[in-house]
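Have a look at the structure below, then the notes.
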Amino acid sequence: MADCIFCMIGSHDIPSTVAYEDDKIIAFHDLEPQAPVHVLVIPKKHIESLDDVKEEDQELLGYIMFKIHEIAADLGLANGYRVVSNNGEDAFQTVKHLHFHILGKRKMTWPPG
């Protein structure tokens with residue numbers, strides 16, 4: 001999608017600090033980190049939210065979940081990390097492109113807010 005900031009990051013039209021990239025996904029450091037390590041993982045395919053996932057996207061989402069633990073390990077998150085995906089306005093999804101936050105290197109609290 002031409003006006004999606006995450007699509008522009010995925011295509012390198014907007015620079016980012018990349019933690020991981022392949023032909024399906026890109027993981028990059030958040031500009032406003034909420035933990036010492038805060039990386040966003042996005043599919044390069046534009047999917048607006050979890051509500052917009054199609055049956056054809058099952059393999060891609062499984063791939064993302066599989067890669068998250070590898071990315072976390074590469075980031076040195078051996079003692080644990082949190083994975084968050086905000087879906088919709090009430091959950092504070094501010095960018096309409098499916099993304100997963102990997103947060104780590106600090107103790108997380110519960111409930112999260």
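Ordering of the structure tokens sets the chain letters (A, B, ...), residue numbers begin anew at 1 in every chain, and ligands are numbered from 1 in the order given.
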Query raised in the report: Do you know which residues are at most 12 Å from Ile26 of chain A counting only C-alpha atoms, after dropping those on the same chain fewer than 4 positions away, and could you put them as a VMD selection string?
Result: chain A and resid 6 to 12 16 to 22 39 to 45 64 67 to 68 71 98 to 100
Selection from above, N, CA and C atoms, as a compact mmCIF listing (two decimals), in the first residue's frame, can you write it?
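Result written to result_10.txt:
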# COMPACT_ATOMS: atom_id res chain seq x y z
N PHE A 6 4.65 1.39 7.28
CA PHE A 6 5.35 0.11 7.45
C PHE A 6 5.66 -0.53 6.10
N CYS A 7 4.79 -0.36 5.10
CA CYS A 7 5.12 -0.85 3.76
C CYS A 7 6.35 -0.12 3.22
N MET A 8 6.44 1.19 3.51
CA MET A 8 7.59 1.97 3.05
C MET A 8 8.86 1.55 3.78
N ILE A 9 8.76 1.17 5.04
CA ILE A 9 9.92 0.64 5.76
C ILE A 9 10.32 -0.70 5.16
N GLY A 10 9.32 -1.56 4.91
CA GLY A 10 9.59 -2.88 4.33
C GLY A 10 10.25 -2.83 2.97
N SER A 11 9.94 -1.79 2.20
CA SER A 11 10.54 -1.65 0.86
C SER A 11 11.77 -0.75 0.88
N HIS A 12 12.19 -0.31 2.06
CA HIS A 12 13.36 0.53 2.27
C HIS A 12 13.22 1.93 1.67
N SER A 16 15.30 2.46 8.42
CA SER A 16 15.05 1.94 9.76
C SER A 16 16.29 1.18 10.21
N THR A 17 16.34 0.88 11.49
CA THR A 17 17.42 0.07 12.03
C THR A 17 16.93 -1.37 12.04
N VAL A 18 17.37 -2.12 11.07
CA VAL A 18 16.87 -3.48 10.84
C VAL A 18 17.55 -4.46 11.78
N ALA A 19 16.73 -5.28 12.43
CA ALA A 19 17.23 -6.35 13.28
C ALA A 19 17.25 -7.67 12.54
N TYR A 20 16.32 -7.83 11.58
CA TYR A 20 16.23 -9.06 10.79
C TYR A 20 15.42 -8.74 9.54
N GLU A 21 15.78 -9.41 8.44
CA GLU A 21 15.00 -9.27 7.21
C GLU A 21 15.19 -10.48 6.32
N ASP A 22 14.11 -10.87 5.67
CA ASP A 22 14.17 -11.85 4.60
C ASP A 22 13.12 -11.45 3.56
N VAL A 39 11.47 -4.25 19.32
CA VAL A 39 11.55 -4.47 17.87
C VAL A 39 10.15 -4.76 17.35
N LEU A 40 9.86 -4.24 16.17
CA LEU A 40 8.60 -4.53 15.48
C LEU A 40 8.87 -5.53 14.37
N VAL A 41 8.01 -6.53 14.27
CA VAL A 41 8.10 -7.53 13.20
C VAL A 41 6.87 -7.36 12.33
N ILE A 42 7.09 -7.15 11.04
CA ILE A 42 5.96 -6.95 10.12
C ILE A 42 6.10 -7.87 8.92
N PRO A 43 4.96 -8.30 8.37
CA PRO A 43 5.03 -8.97 7.07
C PRO A 43 5.25 -7.92 6.00
N LYS A 44 5.98 -8.26 4.95
CA LYS A 44 6.15 -7.32 3.84
C LYS A 44 4.85 -7.19 3.04
N LYS A 45 4.01 -8.21 3.12
CA LYS A 45 2.69 -8.13 2.51
C LYS A 45 1.82 -7.23 3.38
N ILE A 64 5.88 -16.03 10.72
CA ILE A 64 6.23 -14.92 11.61
C ILE A 64 6.42 -15.42 13.04
N LYS A 67 9.66 -17.26 13.34
CA LYS A 67 10.85 -16.40 13.28
C LYS A 67 11.02 -15.52 14.51
N ILE A 68 9.91 -15.21 15.20
CA ILE A 68 10.02 -14.33 16.37
C ILE A 68 10.98 -14.90 17.41
N ILE A 71 14.52 -14.27 16.19
CA ILE A 71 14.87 -12.85 16.29
C ILE A 71 15.14 -12.51 17.76
N LEU A 98 -0.44 -4.95 10.05
CA LEU A 98 -0.22 -5.97 11.06
C LEU A 98 1.24 -5.96 11.51
N HIS A 99 1.44 -5.91 12.81
CA HIS A 99 2.80 -5.93 13.35
C HIS A 99 2.80 -6.52 14.75
N PHE A 100 3.94 -7.04 15.10
CA PHE A 100 4.15 -7.68 16.39
C PHE A 100 5.32 -6.99 17.09
Report task. Please provide as number ranges by chain all residues within 7 Å of segment 105-112 of chain A, with the sequence filter that same-chain residues fewer than 4 positions apart are discarded (counting only C-alpha atoms). Result -> A: 35-37, 77
Prev. selection, N, CA and C atoms, output as a PDB file, in the first residue's frame:
ATOM      1  N   ALA A  35      10.803  -0.601  26.085  1.00  0.00           N
ATOM      2  CA  ALA A  35      11.675  -1.501  26.840  1.00  0.00           C
ATOM      3  C   ALA A  35      13.081  -1.325  26.269  1.00  0.00           C
ATOM      4  N   PRO A  36      14.106  -1.769  26.984  1.00  0.00           N
ATOM      5  CA  PRO A  36      15.467  -1.659  26.447  1.00  0.00           C
ATOM      6  C   PRO A  36      15.625  -2.299  25.062  1.00  0.00           C
ATOM      7  N   VAL A  37      14.900  -3.388  24.824  1.00  0.00           N
ATOM      8  CA  VAL A  37      14.822  -3.962  23.480  1.00  0.00           C
ATOM      9  C   VAL A  37      13.362  -3.887  23.055  1.00  0.00           C
ATOM     10  N   LEU A  77      17.595 -12.098  24.095  1.00  0.00           N
ATOM     11  CA  LEU A  77      16.481 -12.135  25.039  1.00  0.00           C
ATOM     12  C   LEU A  77      16.297 -13.538  25.631  1.00  0.00           C
TER      13      LEU A  77
END
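Minimum atom-to-atom distance to Ser85 of chain A, evaluated using only C-alpha atoms, belongs to A:Leu50 out of A:Ala2, A:Met65, A:Ala73, A:Leu50.
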Requested in this report: Would you please give, as a ChimeraX atom specification, all residues of chain A that DSSP assigns to strand (DSSP E) based on the backbone?
Outcome: /A:18-21,25-29,37-43,81-84,100-104
